[in-house]
Amino acid sequence: MTNVDRMRSLFAERRSGHSLPQALYADPAALEFDIQAIFNRYWLQAGLEIEIPKAGDYITMTVGVSPIVILRNEAGGVSAFFNSCRHRGAQICTEERGHMHRLVCPYHQWTYDLTGQLLRAGRMQEDFDVKALRLRPVHTECVAGLIFISLTENAPDFTPIRAALEPLLAPHDLRNGKVAYTATLIERANWKLVMENARECYHCRARHLQLMHSFRDFTTQDLYSAPEPWMVEFWARCAARGLKNGPIRGSDFEAGRFALSDGVVSVTADGKRAVAKTLGAMGDGDVGTMWWALQPNCFNHAVGDYAFLFQALPTGPQETVVTAKWVVNKDAVEGVDYDLARLTEVWNATNNEDRWLAENNQRGVNSIAYVPGPYSQISEGRVLRFVDWYCAASEAFIANGGYHASRPMGFRTDPSQQRSANVG
Amino acid sequence: MTNVDRMRSLFAERRSGHSLPQALYADPAALEFDIQAIFNRYWLQAGLEIEIPKAGDYITMTVGVSPIVILRNEAGGVSAFFNSCRHRGAQICTEERGHMHRLVCPYHQWTYDLTGQLLRAGRMQEDFDVKALRLRPVHTECVAGLIFISLTENAPDFTPIRAALEPLLAPHDLRNGKVAYTATLIERANWKLVMENARECYHCRARHLQLMHSFRDFTTQDLYSAPEPWMVEFWARCAARGLKNGPIRGSDFEAGRFALSDGVVSVTADGKRAVAKTLGAMGDGDVGTMWWALQPNCFNHAVGDYAFLFQALPTGPQETVVTAKWVVNKDAVEGVDYDLARLTEVWNATNNEDRWLAENNQRGVNSIAYVPGPYSQISEGRVLRFVDWYCAASEAFIANGGYHASRPMGFRTDPSQQRSANVG
Amino acid sequence: MTNVDRMRSLFAERRSGHSLPQALYADPAALEFDIQAIFNRYWLQAGLEIEIPKAGDYITMTVGVSPIVILRNEAGGVSAFFNSCRHRGAQICTEERGHMHRLVCPYHQWTYDLTGQLLRAGRMQEDFDVKALRLRPVHTECVAGLIFISLTENAPDFTPIRAALEPLLAPHDLRNGKVAYTATLIERANWKLVMENARECYHCRARHLQLMHSFRDFTTQDLYSAPEPWMVEFWARCAARGLKNGPIRGSDFEAGRFALSDGVVSVTADGKRAVAKTLGAMGDGDVGTMWWALQPNCFNHAVGDYAFLFQALPTGPQETVVTAKWVVNKDAVEGVDYDLARLTEVWNATNNEDRWLAENNQRGVNSIAYVPGPYSQISEGRVLRFVDWYCAASEAFIANGGYHASRPMGFRTDPSQQRSANVG
């Protein structure tokens with residue numbers, strides 16, 4: 001059985017409404033498939049425009065096995081490139097974030113401009129033509145201060161995502177924020193187990209005591225057809241302030257504003273604001289949480305005083321790196337307007353609790369006794385949407401002949417090596 | 001060549017009386033085969049009844065890639081289950097040992113009774129039937145206070161093991177002991193190299209100086225046809241005390257009582273008792289050592305004042321976790337009746353010496369120059385029996401069509417992850 | 001596609017003058033191929049005669065997955081063996097270096113003489129014939145105090161290497177040196193990336209500031225057809241002292257004496273000698289550097305006062321162990337004639353800088369965007385020779401039917417385990 005046939009049969013045996021076949025959570029081959037079918041193709045929320053304010057500012061990340069650099073170009077826009085020199089392939093931008101007026105490869109100083117064009121290469125033969133080489137580009141899109149990338153040449157249509165997110169997120173003014181903190185977690189679980197965990201709050205009541213002080217548990221609500229009265233009332237109150245609420249969803253995204261617990265205005269230990277200045281024109285900050293999520297790998301919350309961004313990237317068949325960022329008003333001063341420990345306390349606790357859950361889930365899933373079990377139609381609706389999206393995208397990829405098991409020998413970069421590229 | 005053909009050819013090329021073909025000690029595929037052919041099928045000594053005295057007490061272990069929970073049920077018996085929730089597969093019992101009146105999955109609080117029946121699952125759709133789901137059972141047998149498990153549906157006949165062990169072990173009264181100490185070693189060697197080491201004392205004289213203070217070196221004795229006069233005399237003396245001696249052996253076990261060195265009554269640095277109270281009605285404790293061993297992965301010694309249990313479980317192609325337990329009279333008080341360092345000193349030293357030998361063996365076996373060498377017919381008889389048993393069991397498994405190379409991509413759980421599940 | 005076909009197609013798709021196809025730098029299968037095609041066949045510089053002065057002195061190393069022992073035999077010559085006992089395969093010599101009058105396996109004390117003949121094996125059956133077993137030999141050659149080994153039965157002709165190196169190296173008198181220091185680096189990069197780095201100084205000016213204080217940058221010189229006047233003058237000056245200069249090159253080696261920077265007589269931070277006594281009759285020590293390199297895995301420098309030896313051995317698809325040795329006059333006394341920190345400073349810095357470059361190169365090469373890029377014909381000539389040699393050797397190996405993908409399951413020894421064998 002070829003790897004293509006094997007992957008096809010795994011999706012064929014998948015039972016709707018149930019967790020995935022074991023191999024999709026466990027096998028090196030499945031991860032390689034996922035990188036090709038999902039991570040190298042779909043739009044990924046990659047960062048924030050405020051991370052690269054000036055021309056030459058850059059941030060880096062590794063998608064699958066591919067180092068990527070995202071930078072502010074001379075025209076004031078955002079560009080992204082595969083971060084591999086066209087000479088012998090070395091990484092050009094080697095820091096998690098930095099600044100380079102020209103992109104100079106640290107190996108032999110081959111020098112590119114910010115459009116990716118090779119400008120100079122020393123001591124090359126006379127007939128060598130620098131103009132013939134440029135960094136391979138990566139598609140970028142920016143919405144409301146967020147940066148999205150797609151590695152494939154034929155990137156999916158971004159229009160629906162932009163149309164949905166722009167009006168909802170604009171008031172939260174991420175373009176005038178600053179990243180107050182970044183946390184990185186290594187989770188020893190397949191990225192889909194990490195994301196399934198991130199797509200439901202069925203486990204929240206028992207496992208996230210701090211988070212649930214601020215969050216209402218609307219797991220069982222039908223937000224689209226039959227939202228409960230308190231949610232409708234909340235939406236009306238926010239609309240009166242001029243805020244859009246949603247909820248809205250497309251094939252690979254979902255967004256909406258939701259009420260927090262009574263008397264709570266932020267996701268903090270005591271439910272009070274963590275930051276003296278709000279992020280965006282949020283008045284007293286009592287605006288619930290604007291939540292947005294994209295398949296395959298992120299979810300986010302903007303409350304009145306800060307935004308929290310969560311991203312998961314696979315680094316091994318059973319290893320995932322989670323990056324979380326906290327964004328506050330750019331004029332807020334640490335120690336004056338906010339205390340960093342207080343700002344990050346609840347989500348850090350939540351992330352660590354989720355890490356434990358995902359790793360525990362992985363160990364149980366590896367068992368020879370594992371058989372896919374039934375998701376709750378009531379409280380795991382977003383997990384269902386995630387796995388349905390994943391399976392549909394994967395099957396289409398196979399059907400279109402996109403999958404080439406060109407890496408039959410196992411994930412080629414060992415997890416810990418990946419990690420050193422990912423983790424600052 | 002398919003994996004099935006490959007395994008078949010490895011057993012075909014094996015030369016009787018010689019160590020195994022290299023791939024069987026080295027390859028990821030061989031480990032996966034072993035887990036299917038051996039560890040998922042044969043009876044494994046898994047623990048002691050005294051570890052789970054009350055209903056709801058449990059111990060956990062990982063066999064191959066499968067987490068298992070063993071518990072005291074409401075009827076006072078011992079039950080075991082695959083430790084994976086029927087919802088999304090999470091591990092239910094997450095500690096090395098613990099107590100749960102109901103088995104509550106930590107993820108979404110699905111709740112099972114101690115028979116494995118699902119009792120409650122919150123926020124599920126109306127047509128969801130809890131009665132339809134139960135934890136997948138694992139066979140258990142108890143003999144003289146020891147717990148054995150078999151993961152396969154058609155477990156091998158346990159009758160001969162029970163018949164052999166019960167009379168020999170009963171007087172040592174493991175049911176009235178307590179586990180005084182547990183040691184865990186990670187050995188970077190294939191589990192079969194660990195067990196070959198554990199099945200012979202050819203290496204003892206040079207490598208286990210402390211152990212050989214207590215042990216007689218009866219390596220070259222034919223205990224069944226022509227035991228030496230001092231052994232016959234020893235057996236007569238023990239029989240006069242009402243103790244059975246054996247030796248007895250079956251297809252996958254062996255047991256017998258053997259004399260210690262002159263003037264030695266326990267396996268301790270000075271040969272004197274480590275524990276003031278004997279384990280069982282052992283008089284002055286001068287009863288030699290009752291040794292028992294089962295294929296594939298354990299050996300044990302009960303001397304007058306304590307029992308020592310040794311178990312090896314593979315966690316990678318070239319990694320094995322060894323768990324050792326010391327059992328003393330349940331009424332013995334640490335610091336009064338025994339000193340823990342003194343109790344564990346000799347076997348801890350022996351285990352560490354053996355770890356070094358097994359790891360050194362592995363490195364040499366990996367060489368392209370390795371060719372199977374001749375075992376000593378005289379001093380490696382038990383190694384011969386181990387490899388003959390292993391090869392016969394494996395070939396029968398292949399012949400019966402039991403082997404499915406369903407995991408062609410390599411051992412799916414990385415060793416260090418396994419470890420965290422195994423090592424408390 | 002079989003592994004043989006796959007390797008063949010990788011070499012077929014390789015584009016002359018360009019870096020190698022990605023899989024050759026990244027895949028487990030490629031490493032296994034390299035071990036068979038390259039490391040198990042070609043002459044490897046393995047050590048120095050001065051490391052094993054007396055009969056029974058030995059050094060060990062691991063080539064691919066094979067432990068090797070190299071020793072001084074009773075006849076005063078050098079012998080090498082696969083370091084695996086013929087009993088059950090255990091490693092016999094277990095230290096990085098040591099002394100054994102007889103080679104006694106630590107497991108069961110099987111005892112070999114220094115010719116590898118088994119002399120004694122205790123407690124074996126009567127018909128066991130010790131004379132029938134001997135350690136499997138490894139070819140050795142010694143030139144000017146250097147030891148070379150080849151693992152294959154039909155070792156390549158050593159004559160050209162000897163003829164080239166003997167006259168050039170003899171005056172540097174490595175036979176009267178001592179190893180003052182050994183450094184070991186674990187580099188998370190394929191061994192070929194490590195060697196490509198080691199075969200060019202295109203990167204030196206920007207990355208090796210300390211080294212370039214001593215080194216002239218003769219990267220762009222044609223040393224064979226059109227050396228620059230200062231080099232010709234330097235050679236004449238050395239010839240007048242009775243030293244041979246070269247440069248000379250053969251199919252798999254190159255050697256020659258090259259000028260250091262003006263006023264510099266050694267590779268040290270200040271360009272002055274590190275050792276009061278020269279290594280060999282080098283007068284004031286102002287003799288430039290005698291450089292020699294062999295495919296696949298070493299380069300070396302002898303300056304007036306010390307020699308520096310660099311060797312790379314693969315321990316994983318993307319992991320390489322580099323061993324570096326500093327040799328000084330055997331009569332030089334540490335703390336009196338030389339300061340160890342000063343002696344090792346520049347090359348230690350250089351090695352660490354190169355480690356960073358190789359690891360950075362690997363991460364970039366792993367990208368899906370990687371395509372082989374053009375080497376500089378001017379400044380990467382030795383890299384071109386390295387990859388051309390590697391590809392020709394590999395293709396010949398495949399064409400001759402030498403390659404058997406007998407280890408289809410991945411590199412069988414995990415890197416960190418290898419490491420513990422390699423790193424003292």
# chains A, B, ... in the order shown; residues from 1 in each chain; ligands from 1
$ interface_residues --of "chain A" --to "chain B" --cutoff "8 Å" --atoms "only C-alpha atoms" --output "PyMOL selection string"
chain A and resi 19+26-29+188+202-203+206-207+220+318+357+360-379+409-410
$ residues_around --residues "B:Ile248" --least-positions-apart "4" --cutoff "9 Å" --atoms "only C-alpha atoms" --output "list of chain:residue names"
B:Ala164, B:Tyr224, B:Phe253, B:Glu254, B:Ala255, B:Gly256
$ residues_around --residues "A:Arg249" --least-positions-apart "5" --cutoff "12 Å" --atoms "only C-alpha atoms" --output "list in words"
Pro160, Ile161, Arg162, Ala163, Ala164, Leu165, Leu223, Tyr224, Glu254, Ala255, Gly256, Trp291, Trp292, Ala293, Leu294, Gln295, Arg382 and Arg385 of chain A
$ select_by_dssp --residues "stretch 107-311 of chain A" --states "helix (DSSP H, G or I)" --output "ChimeraX atom specification"
/A:130-132,159-172,174-176,191-198,204-207,211-214,229-240
$ residues_around --residues "B:Asn352" --least-positions-apart "5" --cutoff "10 Å" --atoms "only C-alpha atoms" --output "ChimeraX atom specification"
/B:185,187,208,347,357-358
$ residues_around --residues "B:Arg134" --least-positions-apart "6" --cutoff "10 Å" --atoms "only C-alpha atoms" --output "ChimeraX atom specification"
/B:81,85-86,112-113,115-119
$ write_last_selection --atoms "N, CA and C atoms" --output "mmCIF file, in the first residue's frame"
data_model
loop_
_atom_site.group_PDB
_atom_site.id
_atom_site.type_symbol
_atom_site.label_atom_id
_atom_site.label_comp_id
_atom_site.auth_asym_id
_atom_site.auth_seq_id
_atom_site.Cartn_x
_atom_site.Cartn_y
_atom_site.Cartn_z
ATOM 1 N N PHE B 81 -8.255 -2.798 32.716
ATOM 2 C CA PHE B 81 -8.853 -2.202 31.526
ATOM 3 C C PHE B 81 -7.800 -1.444 30.726
ATOM 4 N N CYS B 85 -10.278 6.577 27.565
ATOM 5 C CA CYS B 85 -11.692 6.908 27.590
ATOM 6 C C CYS B 85 -12.331 6.626 26.235
ATOM 7 N N ARG B 86 -13.575 6.160 26.261
ATOM 8 C CA ARG B 86 -14.275 5.839 25.027
ATOM 9 C C ARG B 86 -14.800 7.082 24.302
ATOM 10 N N TYR B 112 -17.100 6.075 34.665
ATOM 11 C CA TYR B 112 -17.291 4.638 34.536
ATOM 12 C C TYR B 112 -17.344 4.015 35.924
ATOM 13 N N ASP B 113 -18.069 2.905 36.048
ATOM 14 C CA ASP B 113 -17.970 2.184 37.314
ATOM 15 C C ASP B 113 -16.766 1.255 37.261
ATOM 16 N N THR B 115 -16.511 -1.769 36.943
ATOM 17 C CA THR B 115 -16.562 -2.852 35.958
ATOM 18 C C THR B 115 -16.256 -2.323 34.562
ATOM 19 N N GLY B 116 -16.006 -1.014 34.457
ATOM 20 C CA GLY B 116 -15.689 -0.432 33.158
ATOM 21 C C GLY B 116 -16.894 0.097 32.412
ATOM 22 N N GLN B 117 -18.069 -0.064 32.991
ATOM 23 C CA GLN B 117 -19.292 0.415 32.328
ATOM 24 C C GLN B 117 -19.395 1.939 32.420
ATOM 25 N N LEU B 118 -19.677 2.579 31.292
ATOM 26 C CA LEU B 118 -19.914 4.027 31.315
ATOM 27 C C LEU B 118 -21.225 4.307 32.040
ATOM 28 N N LEU B 119 -21.161 5.227 32.997
ATOM 29 C CA LEU B 119 -22.346 5.570 33.789
ATOM 30 C C LEU B 119 -22.908 6.929 33.401
#
$ residues_around --residues "C:Met212" --least-positions-apart "5" --cutoff "10 Å" --atoms "only C-alpha atoms" --output "PDB file with all heavy atoms, in the first residue's frame"
ATOM      1  N   CYS C 201      36.706  28.655   2.356  1.00  0.00           N
ATOM      2  CA  CYS C 201      36.949  29.802   3.236  1.00  0.00           C
ATOM      3  C   CYS C 201      36.231  31.046   2.698  1.00  0.00           C
ATOM      4  O   CYS C 201      36.530  32.170   3.081  1.00  0.00           O
ATOM      5  CB  CYS C 201      38.445  30.052   3.410  1.00  0.00           C
ATOM      6  SG  CYS C 201      38.925  30.235   5.158  1.00  0.00           S
ATOM      7  N   CYS C 204      34.931  32.714   5.550  1.00  0.00           N
ATOM      8  CA  CYS C 204      35.856  33.006   6.652  1.00  0.00           C
ATOM      9  C   CYS C 204      35.936  34.489   7.001  1.00  0.00           C
ATOM     10  O   CYS C 204      35.953  34.859   8.173  1.00  0.00           O
ATOM     11  CB  CYS C 204      37.255  32.481   6.326  1.00  0.00           C
ATOM     12  SG  CYS C 204      37.352  30.670   6.305  1.00  0.00           S
ATOM     13  N   ARG C 205      36.024  35.309   5.974  1.00  0.00           N
ATOM     14  CA  ARG C 205      36.276  36.718   6.251  1.00  0.00           C
ATOM     15  C   ARG C 205      35.204  37.296   7.173  1.00  0.00           C
ATOM     16  O   ARG C 205      35.499  38.035   8.108  1.00  0.00           O
ATOM     17  CB  ARG C 205      36.340  37.512   4.943  1.00  0.00           C
ATOM     18  CG  ARG C 205      37.241  38.740   5.099  1.00  0.00           C
ATOM     19  CD  ARG C 205      37.301  39.596   3.842  1.00  0.00           C
ATOM     20  NE  ARG C 205      37.559  38.822   2.624  1.00  0.00           N
ATOM     21  CZ  ARG C 205      37.609  39.375   1.413  1.00  0.00           C
ATOM     22  NH1 ARG C 205      37.423  40.677   1.260  1.00  0.00           N
ATOM     23  NH2 ARG C 205      37.826  38.636   0.350  1.00  0.00           N
ATOM     24  N   ALA C 206      33.947  36.925   6.919  1.00  0.00           N
ATOM     25  CA  ALA C 206      32.858  37.500   7.715  1.00  0.00           C
ATOM     26  C   ALA C 206      32.620  36.752   9.030  1.00  0.00           C
ATOM     27  O   ALA C 206      32.142  37.329   9.996  1.00  0.00           O
ATOM     28  CB  ALA C 206      31.571  37.516   6.899  1.00  0.00           C
ATOM     29  N   ARG C 207      32.960  35.457   9.063  1.00  0.00           N
ATOM     30  CA  ARG C 207      32.525  34.653  10.205  1.00  0.00           C
ATOM     31  C   ARG C 207      33.644  34.229  11.146  1.00  0.00           C
ATOM     32  O   ARG C 207      33.363  33.793  12.259  1.00  0.00           O
ATOM     33  CB  ARG C 207      31.793  33.390   9.718  1.00  0.00           C
ATOM     34  CG  ARG C 207      30.653  33.645   8.744  1.00  0.00           C
ATOM     35  CD  ARG C 207      29.586  34.585   9.252  1.00  0.00           C
ATOM     36  NE  ARG C 207      29.087  34.248  10.568  1.00  0.00           N
ATOM     37  CZ  ARG C 207      28.018  34.809  11.128  1.00  0.00           C
ATOM     38  NH1 ARG C 207      27.345  35.749  10.473  1.00  0.00           N
ATOM     39  NH2 ARG C 207      27.628  34.479  12.321  1.00  0.00           N
ATOM     40  N   ASP C 217      43.696  34.847   3.097  1.00  0.00           N
ATOM     41  CA  ASP C 217      42.507  34.395   2.379  1.00  0.00           C
ATOM     42  C   ASP C 217      42.908  34.102   0.932  1.00  0.00           C
ATOM     43  O   ASP C 217      42.912  34.978   0.084  1.00  0.00           O
ATOM     44  CB  ASP C 217      41.445  35.499   2.445  1.00  0.00           C
ATOM     45  CG  ASP C 217      40.102  34.989   1.930  1.00  0.00           C
ATOM     46  OD1 ASP C 217      40.059  33.897   1.353  1.00  0.00           O
ATOM     47  OD2 ASP C 217      39.107  35.711   2.124  1.00  0.00           O
ATOM     48  N   LEU C 260      50.991  32.042   6.031  1.00  0.00           N
ATOM     49  CA  LEU C 260      50.080  32.714   6.957  1.00  0.00           C
ATOM     50  C   LEU C 260      50.170  34.223   6.706  1.00  0.00           C
ATOM     51  O   LEU C 260      50.905  34.666   5.809  1.00  0.00           O
ATOM     52  CB  LEU C 260      50.464  32.368   8.402  1.00  0.00           C
ATOM     53  CG  LEU C 260      50.341  30.882   8.770  1.00  0.00           C
ATOM     54  CD1 LEU C 260      50.936  30.597  10.149  1.00  0.00           C
ATOM     55  CD2 LEU C 260      48.860  30.444   8.733  1.00  0.00           C
ATOM     56  N   SER C 261      49.443  34.978   7.467  1.00  0.00           N
ATOM     57  CA  SER C 261      49.463  36.441   7.294  1.00  0.00           C
ATOM     58  C   SER C 261      50.867  36.982   7.574  1.00  0.00           C
ATOM     59  O   SER C 261      51.668  36.344   8.279  1.00  0.00           O
ATOM     60  CB  SER C 261      48.473  37.096   8.258  1.00  0.00           C
ATOM     61  OG  SER C 261      47.175  36.645   7.993  1.00  0.00           O
ATOM     62  N   VAL C 267      48.672  29.813  14.344  1.00  0.00           N
ATOM     63  CA  VAL C 267      47.245  30.135  14.396  1.00  0.00           C
ATOM     64  C   VAL C 267      46.878  30.351  15.861  1.00  0.00           C
ATOM     65  O   VAL C 267      46.499  29.432  16.590  1.00  0.00           O
ATOM     66  CB  VAL C 267      46.393  29.043  13.739  1.00  0.00           C
ATOM     67  CG1 VAL C 267      44.915  29.409  13.811  1.00  0.00           C
ATOM     68  CG2 VAL C 267      46.817  28.845  12.288  1.00  0.00           C
ATOM     69  N   ALA C 269      45.673  33.820  18.740  1.00  0.00           N
ATOM     70  CA  ALA C 269      44.970  35.104  18.755  1.00  0.00           C
ATOM     71  C   ALA C 269      45.874  36.248  18.307  1.00  0.00           C
ATOM     72  O   ALA C 269      45.425  37.183  17.639  1.00  0.00           O
ATOM     73  CB  ALA C 269      44.415  35.380  20.154  1.00  0.00           C
ATOM     74  N   VAL C 346      41.800  29.788  19.124  1.00  0.00           N
ATOM     75  CA  VAL C 346      41.324  30.173  17.787  1.00  0.00           C
ATOM     76  C   VAL C 346      40.522  29.050  17.126  1.00  0.00           C
ATOM     77  O   VAL C 346      39.442  29.279  16.584  1.00  0.00           O
ATOM     78  CB  VAL C 346      42.504  30.616  16.902  1.00  0.00           C
ATOM     79  CG1 VAL C 346      42.018  30.883  15.469  1.00  0.00           C
ATOM     80  CG2 VAL C 346      43.155  31.869  17.483  1.00  0.00           C
ATOM     81  N   THR C 350      36.658  28.944  16.073  1.00  0.00           N
ATOM     82  CA  THR C 350      36.315  28.656  14.673  1.00  0.00           C
ATOM     83  C   THR C 350      35.336  27.490  14.587  1.00  0.00           C
ATOM     84  O   THR C 350      34.346  27.527  13.848  1.00  0.00           O
ATOM     85  CB  THR C 350      37.602  28.355  13.891  1.00  0.00           C
ATOM     86  OG1 THR C 350      38.479  29.476  14.002  1.00  0.00           O
ATOM     87  CG2 THR C 350      37.295  28.072  12.426  1.00  0.00           C
TER      88      THR C 350
END
